[in-house]
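Working notes, beginning with the structure itself.
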Amino acid sequence: MYVQIDLDGPAGTLRVSGYGMPTVELVRAPGAPVNPHVPIGTRKPALLTLTVDGRPARIRPARGRLLRWSYRVDARVDGTRYRLVPSGYDKSRLTRGGRKIGDLLSSGNGRVIDDWKPGATPRDRAVGTALAAAFGTGASPWWETVGDIVGELIP
């Protein structure tokens, strides 16, 4: 299934569309401070607006700190709960209602490589692709991050 991803990080806009799938749009609030480490520019839920086929949806990215878990992104679309959570250095797992439906890989450059489980719907694919493109995928394990911090502190 072909997916078109239009990400403009500096402007804070993302549009995911494709034949037979709903259009997903994620927009950062105008004038909001930009975090250069996040493709869409922020992880603050109050500064983001998510729509799926023109209908409002809820998005709640976690803060993204020390633990992989802290890089999760939750979305609720018409009562369906999605979660994108890092599962390795460069990839993340997408779940729908707590069940894994795919693995995604994106370095934040507006491209997403996906591997979907049987039964993933066009909406699952559109939402998952949008989350991966907007926030990137993967994270280092906590012990490696702590090691890097300690290494920076030791002269």
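Each chain in the structure tokens gets a letter, A, B and so on, in the order shown; residues start at 1 in every chain, and ligands are counted from 1 in the order they appear.
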Between segment 47-82 of chain A and segment 4-23 of chain A, at 10 Å or less, what are the per-residue closest atom pairs and their distances in Å? Count only C-alpha atoms, order by chain and rising residue number, and return it as CSV.
residue,atom,partner,partner_atom,distance
A:Leu48,CA,A:Gly12,CA,9.0
A:Thr49,CA,A:Thr13,CA,9.8
A:Leu50,CA,A:Leu14,CA,9.5
A:Thr51,CA,A:Thr23,CA,8.1
A:Val52,CA,A:Thr23,CA,5.8
A:Asp53,CA,A:Thr23,CA,5.0
A:Gly54,CA,A:Thr23,CA,7.6
A:Arg55,CA,A:Thr23,CA,9.9
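With only C-alpha atoms as the atoms that count, the residue of A:Ala126, A:Ile113, A:Val85, A:Leu131 with the shortest distance to Val27 of chain A is A:Leu131.
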Item checked: DSSP-assigned helix (DSSP H, G or I) members of segment 53-114 of chain A, reported as a PyMOL selection string -> chain A and resi 68-71
Please produce a file of the residues just selected, as a short mmCIF file (atom, residue, chain, number, x, y, z; two decimals), in the first residue's frame, where the atoms kept are C-alpha atoms.
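See result_2.cif below for the written result:
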data_model
loop_
_atom_site.label_atom_id
_atom_site.label_comp_id
_atom_site.auth_asym_id
_atom_site.auth_seq_id
_atom_site.Cartn_x
_atom_site.Cartn_y
_atom_site.Cartn_z
CA ARG A 68 12.71 3.91 26.30
CA TRP A 69 9.18 3.86 27.70
CA SER A 70 9.34 7.64 28.11
CA TYR A 71 9.44 8.00 24.30
#
Based on DSSP run over this structure's backbone, return all residues of segment 6-112 of chain A in strand (DSSP E or B), as a PDB file with N, CA, C and O atoms, in the first residue's frame.
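After the write, selection.pdb holds the following:
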ATOM      1  N   ASP A   6       4.192  13.796   3.960  1.00  0.00           N
ATOM      2  CA  ASP A   6       4.638  15.178   3.764  1.00  0.00           C
ATOM      3  C   ASP A   6       4.910  15.776   5.132  1.00  0.00           C
ATOM      4  O   ASP A   6       3.984  16.163   5.842  1.00  0.00           O
ATOM      5  N   LEU A   7       6.195  15.826   5.504  1.00  0.00           N
ATOM      6  CA  LEU A   7       6.612  16.372   6.789  1.00  0.00           C
ATOM      7  C   LEU A   7       7.383  17.661   6.560  1.00  0.00           C
ATOM      8  O   LEU A   7       8.353  17.682   5.796  1.00  0.00           O
ATOM      9  N   ASP A   8       6.949  18.726   7.223  1.00  0.00           N
ATOM     10  CA  ASP A   8       7.669  19.998   7.218  1.00  0.00           C
ATOM     11  C   ASP A   8       7.934  20.347   8.673  1.00  0.00           C
ATOM     12  O   ASP A   8       7.120  20.995   9.328  1.00  0.00           O
ATOM     13  N   THR A  13       4.230  20.792  10.424  1.00  0.00           N
ATOM     14  CA  THR A  13       3.088  20.136   9.787  1.00  0.00           C
ATOM     15  C   THR A  13       3.482  18.757   9.270  1.00  0.00           C
ATOM     16  O   THR A  13       4.597  18.544   8.808  1.00  0.00           O
ATOM     17  N   LEU A  14       2.533  17.843   9.354  1.00  0.00           N
ATOM     18  CA  LEU A  14       2.697  16.486   8.830  1.00  0.00           C
ATOM     19  C   LEU A  14       1.370  16.052   8.229  1.00  0.00           C
ATOM     20  O   LEU A  14       0.308  16.251   8.825  1.00  0.00           O
ATOM     21  N   ARG A  15       1.457  15.479   7.053  1.00  0.00           N
ATOM     22  CA  ARG A  15       0.266  14.934   6.383  1.00  0.00           C
ATOM     23  C   ARG A  15       0.636  13.559   5.837  1.00  0.00           C
ATOM     24  O   ARG A  15       1.622  13.415   5.120  1.00  0.00           O
ATOM     25  N   VAL A  16      -0.160  12.558   6.204  1.00  0.00           N
ATOM     26  CA  VAL A  16       0.018  11.199   5.707  1.00  0.00           C
ATOM     27  C   VAL A  16      -1.244  10.829   4.948  1.00  0.00           C
ATOM     28  O   VAL A  16      -2.360  10.958   5.483  1.00  0.00           O
ATOM     29  N   SER A  17      -1.081  10.390   3.703  1.00  0.00           N
ATOM     30  CA  SER A  17      -2.237  10.034   2.887  1.00  0.00           C
ATOM     31  C   SER A  17      -1.848   8.901   1.947  1.00  0.00           C
ATOM     32  O   SER A  17      -0.678   8.565   1.812  1.00  0.00           O
ATOM     33  N   GLY A  18      -2.847   8.333   1.314  1.00  0.00           N
ATOM     34  CA  GLY A  18      -2.603   7.261   0.362  1.00  0.00           C
ATOM     35  C   GLY A  18      -3.918   6.710  -0.135  1.00  0.00           C
ATOM     36  O   GLY A  18      -4.968   6.895   0.501  1.00  0.00           O
ATOM     37  N   MET A  21      -6.759   4.925   2.148  1.00  0.00           N
ATOM     38  CA  MET A  21      -6.514   5.130   3.581  1.00  0.00           C
ATOM     39  C   MET A  21      -6.935   6.541   3.976  1.00  0.00           C
ATOM     40  O   MET A  21      -6.952   7.438   3.141  1.00  0.00           O
ATOM     41  N   PRO A  22      -7.283   6.708   5.245  1.00  0.00           N
ATOM     42  CA  PRO A  22      -7.659   8.051   5.699  1.00  0.00           C
ATOM     43  C   PRO A  22      -6.443   8.978   5.727  1.00  0.00           C
ATOM     44  O   PRO A  22      -5.312   8.531   5.891  1.00  0.00           O
ATOM     45  N   THR A  23      -6.700  10.248   5.566  1.00  0.00           N
ATOM     46  CA  THR A  23      -5.638  11.247   5.665  1.00  0.00           C
ATOM     47  C   THR A  23      -5.444  11.605   7.131  1.00  0.00           C
ATOM     48  O   THR A  23      -6.404  11.878   7.849  1.00  0.00           O
ATOM     49  N   VAL A  24      -4.194  11.569   7.568  1.00  0.00           N
ATOM     50  CA  VAL A  24      -3.851  11.926   8.945  1.00  0.00           C
ATOM     51  C   VAL A  24      -3.019  13.199   8.895  1.00  0.00           C
ATOM     52  O   VAL A  24      -2.055  13.275   8.136  1.00  0.00           O
ATOM     53  N   GLU A  25      -3.415  14.180   9.709  1.00  0.00           N
ATOM     54  CA  GLU A  25      -2.667  15.430   9.788  1.00  0.00           C
ATOM     55  C   GLU A  25      -2.303  15.720  11.233  1.00  0.00           C
ATOM     56  O   GLU A  25      -3.135  15.549  12.132  1.00  0.00           O
ATOM     57  N   LEU A  26      -1.087  16.151  11.428  1.00  0.00           N
ATOM     58  CA  LEU A  26      -0.598  16.550  12.748  1.00  0.00           C
ATOM     59  C   LEU A  26       0.036  17.920  12.578  1.00  0.00           C
ATOM     60  O   LEU A  26       0.888  18.109  11.704  1.00  0.00           O
ATOM     61  N   VAL A  27      -0.407  18.869  13.417  1.00  0.00           N
ATOM     62  CA  VAL A  27       0.056  20.248  13.291  1.00  0.00           C
ATOM     63  C   VAL A  27       0.529  20.755  14.644  1.00  0.00           C
ATOM     64  O   VAL A  27      -0.165  20.597  15.653  1.00  0.00           O
ATOM     65  N   ARG A  28       1.710  21.368  14.640  1.00  0.00           N
ATOM     66  CA  ARG A  28       2.233  22.031  15.829  1.00  0.00           C
ATOM     67  C   ARG A  28       1.638  23.439  15.882  1.00  0.00           C
ATOM     68  O   ARG A  28       1.476  24.097  14.852  1.00  0.00           O
ATOM     69  N   LEU A  48      -0.056  20.308  20.030  1.00  0.00           N
ATOM     70  CA  LEU A  48      -0.278  19.469  18.854  1.00  0.00           C
ATOM     71  C   LEU A  48      -1.763  19.249  18.589  1.00  0.00           C
ATOM     72  O   LEU A  48      -2.537  19.054  19.524  1.00  0.00           O
ATOM     73  N   THR A  49      -2.124  19.235  17.320  1.00  0.00           N
ATOM     74  CA  THR A  49      -3.492  18.934  16.902  1.00  0.00           C
ATOM     75  C   THR A  49      -3.432  17.787  15.898  1.00  0.00           C
ATOM     76  O   THR A  49      -2.741  17.884  14.883  1.00  0.00           O
ATOM     77  N   LEU A  50      -4.163  16.712  16.196  1.00  0.00           N
ATOM     78  CA  LEU A  50      -4.206  15.535  15.337  1.00  0.00           C
ATOM     79  C   LEU A  50      -5.609  15.386  14.757  1.00  0.00           C
ATOM     80  O   LEU A  50      -6.597  15.480  15.493  1.00  0.00           O
ATOM     81  N   THR A  51      -5.686  15.154  13.445  1.00  0.00           N
ATOM     82  CA  THR A  51      -6.959  14.842  12.808  1.00  0.00           C
ATOM     83  C   THR A  51      -6.779  13.605  11.930  1.00  0.00           C
ATOM     84  O   THR A  51      -5.716  13.393  11.349  1.00  0.00           O
ATOM     85  N   VAL A  52      -7.829  12.806  11.863  1.00  0.00           N
ATOM     86  CA  VAL A  52      -7.850  11.618  11.012  1.00  0.00           C
ATOM     87  C   VAL A  52      -9.097  11.727  10.153  1.00  0.00           C
ATOM     88  O   VAL A  52     -10.215  11.743  10.665  1.00  0.00           O
ATOM     89  N   ARG A  55     -11.425  14.512  11.172  1.00  0.00           N
ATOM     90  CA  ARG A  55     -12.053  14.430  12.495  1.00  0.00           C
ATOM     91  C   ARG A  55     -10.994  14.534  13.579  1.00  0.00           C
ATOM     92  O   ARG A  55      -9.929  13.916  13.468  1.00  0.00           O
ATOM     93  N   PRO A  56     -11.272  15.286  14.647  1.00  0.00           N
ATOM     94  CA  PRO A  56     -10.272  15.431  15.705  1.00  0.00           C
ATOM     95  C   PRO A  56      -9.980  14.111  16.410  1.00  0.00           C
ATOM     96  O   PRO A  56     -10.860  13.276  16.598  1.00  0.00           O
ATOM     97  N   ALA A  57      -8.721  13.935  16.765  1.00  0.00           N
ATOM     98  CA  ALA A  57      -8.269  12.770  17.518  1.00  0.00           C
ATOM     99  C   ALA A  57      -7.362  13.297  18.621  1.00  0.00           C
ATOM    100  O   ALA A  57      -6.928  14.450  18.592  1.00  0.00           O
ATOM    101  N   ARG A  58      -7.080  12.460  19.591  1.00  0.00           N
ATOM    102  CA  ARG A  58      -6.244  12.877  20.722  1.00  0.00           C
ATOM    103  C   ARG A  58      -4.847  12.289  20.576  1.00  0.00           C
ATOM    104  O   ARG A  58      -4.689  11.129  20.201  1.00  0.00           O
ATOM    105  N   ILE A  59      -3.837  13.097  20.897  1.00  0.00           N
ATOM    106  CA  ILE A  59      -2.463  12.629  20.853  1.00  0.00           C
ATOM    107  C   ILE A  59      -1.771  13.029  22.147  1.00  0.00           C
ATOM    108  O   ILE A  59      -1.963  14.137  22.636  1.00  0.00           O
ATOM    109  N   ARG A  60      -0.996  12.087  22.703  1.00  0.00           N
ATOM    110  CA  ARG A  60      -0.288  12.329  23.956  1.00  0.00           C
ATOM    111  C   ARG A  60       1.104  11.708  23.905  1.00  0.00           C
ATOM    112  O   ARG A  60       1.306  10.591  24.371  1.00  0.00           O
ATOM    113  N   PRO A  61       2.058  12.434  23.354  1.00  0.00           N
ATOM    114  CA  PRO A  61       3.428  11.928  23.412  1.00  0.00           C
ATOM    115  C   PRO A  61       3.984  12.096  24.825  1.00  0.00           C
ATOM    116  O   PRO A  61       3.720  13.107  25.485  1.00  0.00           O
ATOM    117  N   VAL A  73       4.266   7.234  22.382  1.00  0.00           N
ATOM    118  CA  VAL A  73       3.280   8.195  21.894  1.00  0.00           C
ATOM    119  C   VAL A  73       1.943   7.483  21.880  1.00  0.00           C
ATOM    120  O   VAL A  73       1.801   6.420  21.275  1.00  0.00           O
ATOM    121  N   ASP A  74       0.961   8.062  22.561  1.00  0.00           N
ATOM    122  CA  ASP A  74      -0.391   7.511  22.592  1.00  0.00           C
ATOM    123  C   ASP A  74      -1.312   8.371  21.741  1.00  0.00           C
ATOM    124  O   ASP A  74      -1.197   9.598  21.735  1.00  0.00           O
ATOM    125  N   ALA A  75      -2.210   7.712  21.038  1.00  0.00           N
ATOM    126  CA  ALA A  75      -3.224   8.411  20.253  1.00  0.00           C
ATOM    127  C   ALA A  75      -4.545   7.673  20.424  1.00  0.00           C
ATOM    128  O   ALA A  75      -4.569   6.445  20.581  1.00  0.00           O
ATOM    129  N   ARG A  76      -5.622   8.422  20.423  1.00  0.00           N
ATOM    130  CA  ARG A  76      -6.964   7.834  20.479  1.00  0.00           C
ATOM    131  C   ARG A  76      -7.742   8.384  19.295  1.00  0.00           C
ATOM    132  O   ARG A  76      -7.914   9.596  19.167  1.00  0.00           O
ATOM    133  N   VAL A  77      -8.194   7.453  18.444  1.00  0.00           N
ATOM    134  CA  VAL A  77      -8.914   7.804  17.229  1.00  0.00           C
ATOM    135  C   VAL A  77     -10.260   7.102  17.258  1.00  0.00           C
ATOM    136  O   VAL A  77     -10.316   5.867  17.218  1.00  0.00           O
ATOM    137  N   THR A  80     -10.488   4.166  19.482  1.00  0.00           N
ATOM    138  CA  THR A  80      -9.433   3.163  19.337  1.00  0.00           C
ATOM    139  C   THR A  80      -8.136   3.736  19.899  1.00  0.00           C
ATOM    140  O   THR A  80      -7.749   4.849  19.552  1.00  0.00           O
ATOM    141  N   ARG A  81      -7.478   2.951  20.729  1.00  0.00           N
ATOM    142  CA  ARG A  81      -6.246   3.390  21.379  1.00  0.00           C
ATOM    143  C   ARG A  81      -5.032   2.836  20.645  1.00  0.00           C
ATOM    144  O   ARG A  81      -4.901   1.622  20.458  1.00  0.00           O
ATOM    145  N   TYR A  82      -4.141   3.742  20.230  1.00  0.00           N
ATOM    146  CA  TYR A  82      -2.884   3.376  19.580  1.00  0.00           C
ATOM    147  C   TYR A  82      -1.726   3.776  20.485  1.00  0.00           C
ATOM    148  O   TYR A  82      -1.797   4.787  21.175  1.00  0.00           O
ATOM    149  N   ARG A  83      -0.669   2.992  20.436  1.00  0.00           N
ATOM    150  CA  ARG A  83       0.545   3.338  21.188  1.00  0.00           C
ATOM    151  C   ARG A  83       1.756   2.952  20.340  1.00  0.00           C
ATOM    152  O   ARG A  83       1.875   1.822  19.869  1.00  0.00           O
ATOM    153  N   LEU A  84       2.657   3.912  20.173  1.00  0.00           N
ATOM    154  CA  LEU A  84       3.942   3.677  19.519  1.00  0.00           C
ATOM    155  C   LEU A  84       4.997   3.767  20.602  1.00  0.00           C
ATOM    156  O   LEU A  84       5.098   4.782  21.295  1.00  0.00           O
ATOM    157  N   VAL A  85       5.764   2.691  20.782  1.00  0.00           N
ATOM    158  CA  VAL A  85       6.766   2.661  21.853  1.00  0.00           C
ATOM    159  C   VAL A  85       8.051   2.024  21.321  1.00  0.00           C
ATOM    160  O   VAL A  85       7.998   1.029  20.585  1.00  0.00           O
ATOM    161  N   PRO A  86       9.208   2.629  21.633  1.00  0.00           N
ATOM    162  CA  PRO A  86      10.472   2.063  21.155  1.00  0.00           C
ATOM    163  C   PRO A  86      10.650   0.605  21.591  1.00  0.00           C
ATOM    164  O   PRO A  86      10.339   0.239  22.720  1.00  0.00           O
ATOM    165  N   LYS A  91      13.926   1.072  16.091  1.00  0.00           N
ATOM    166  CA  LYS A  91      12.550   0.756  15.716  1.00  0.00           C
ATOM    167  C   LYS A  91      11.599   0.864  16.896  1.00  0.00           C
ATOM    168  O   LYS A  91      12.011   0.854  18.054  1.00  0.00           O
ATOM    169  N   SER A  92      10.332   0.981  16.548  1.00  0.00           N
ATOM    170  CA  SER A  92       9.270   1.060  17.549  1.00  0.00           C
ATOM    171  C   SER A  92       8.146   0.115  17.172  1.00  0.00           C
ATOM    172  O   SER A  92       7.960  -0.225  15.999  1.00  0.00           O
ATOM    173  N   ARG A  93       7.392  -0.280  18.189  1.00  0.00           N
ATOM    174  CA  ARG A  93       6.261  -1.194  18.039  1.00  0.00           C
ATOM    175  C   ARG A  93       4.973  -0.369  18.116  1.00  0.00           C
ATOM    176  O   ARG A  93       4.825   0.487  18.980  1.00  0.00           O
ATOM    177  N   LEU A  94       4.037  -0.639  17.209  1.00  0.00           N
ATOM    178  CA  LEU A  94       2.722   0.002  17.254  1.00  0.00           C
ATOM    179  C   LEU A  94       1.703  -1.013  17.748  1.00  0.00           C
ATOM    180  O   LEU A  94       1.654  -2.135  17.251  1.00  0.00           O
ATOM    181  N   THR A  95       0.927  -0.596  18.746  1.00  0.00           N
ATOM    182  CA  THR A  95      -0.154  -1.454  19.231  1.00  0.00           C
ATOM    183  C   THR A  95      -1.486  -0.744  19.041  1.00  0.00           C
ATOM    184  O   THR A  95      -1.565   0.483  19.047  1.00  0.00           O
ATOM    185  N   ARG A  96      -2.522  -1.553  18.860  1.00  0.00           N
ATOM    186  CA  ARG A  96      -3.903  -1.072  18.802  1.00  0.00           C
ATOM    187  C   ARG A  96      -4.645  -1.816  19.889  1.00  0.00           C
ATOM    188  O   ARG A  96      -4.716  -3.047  19.872  1.00  0.00           O
ATOM    189  N   ARG A  99      -2.622  -4.669  21.488  1.00  0.00           N
ATOM    190  CA  ARG A  99      -2.111  -5.766  20.651  1.00  0.00           C
ATOM    191  C   ARG A  99      -1.194  -5.233  19.564  1.00  0.00           C
ATOM    192  O   ARG A  99      -1.537  -4.278  18.863  1.00  0.00           O
ATOM    193  N   LYS A 100      -0.047  -5.870  19.418  1.00  0.00           N
ATOM    194  CA  LYS A 100       0.924  -5.437  18.416  1.00  0.00           C
ATOM    195  C   LYS A 100       0.362  -5.596  17.014  1.00  0.00           C
ATOM    196  O   LYS A 100      -0.155  -6.661  16.656  1.00  0.00           O
ATOM    197  N   ILE A 101       0.479  -4.522  16.211  1.00  0.00           N
ATOM    198  CA  ILE A 101       0.013  -4.594  14.826  1.00  0.00           C
ATOM    199  C   ILE A 101       1.119  -4.261  13.824  1.00  0.00           C
ATOM    200  O   ILE A 101       0.914  -4.401  12.625  1.00  0.00           O
ATOM    201  N   GLY A 102       2.273  -3.805  14.331  1.00  0.00           N
ATOM    202  CA  GLY A 102       3.349  -3.521  13.393  1.00  0.00           C
ATOM    203  C   GLY A 102       4.608  -3.013  14.048  1.00  0.00           C
ATOM    204  O   GLY A 102       4.601  -2.619  15.218  1.00  0.00           O
ATOM    205  N   ASP A 103       5.692  -3.044  13.279  1.00  0.00           N
ATOM    206  CA  ASP A 103       6.974  -2.471  13.665  1.00  0.00           C
ATOM    207  C   ASP A 103       7.298  -1.373  12.661  1.00  0.00           C
ATOM    208  O   ASP A 103       7.105  -1.560  11.451  1.00  0.00           O
ATOM    209  N   LEU A 104       7.777  -0.243  13.183  1.00  0.00           N
ATOM    210  CA  LEU A 104       8.085   0.892  12.320  1.00  0.00           C
ATOM    211  C   LEU A 104       9.489   1.401  12.589  1.00  0.00           C
ATOM    212  O   LEU A 104       9.975   1.324  13.715  1.00  0.00           O
ATOM    213  N   LEU A 105      10.096   1.950  11.541  1.00  0.00           N
ATOM    214  CA  LEU A 105      11.441   2.490  11.651  1.00  0.00           C
ATOM    215  C   LEU A 105      11.469   3.833  10.925  1.00  0.00           C
ATOM    216  O   LEU A 105      11.068   3.927   9.768  1.00  0.00           O
TER     217      LEU A 105
END
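Shortest separation to Pro39 of chain A among A:Ile154, A:Ser107, A:Ala62, A:Tyr2 occurs at residue A:Ser107, atoms counted being only C-alpha atoms.
Note that atom CA of Thr121 of chain A and atom CA of Gly41 of chain A are 27.9 Å apart.
Checking A:Gly31, A:Gly136, A:Pro122, A:Pro36 one by one against Asn109 of chain A, counting only C-alpha atoms, you find the shortest gap at A:Gly136.
Here atom CA of Leu47 of chain A is placed at a distance of 13.8 Å from atom CA of Phe135 of chain A.
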Next item on the list: Record the distance separating atom CA of Ile40 of chain A and atom CA of Lys117 of chain A, expressed in Å with one decimal.
Entry: 26.5 Å
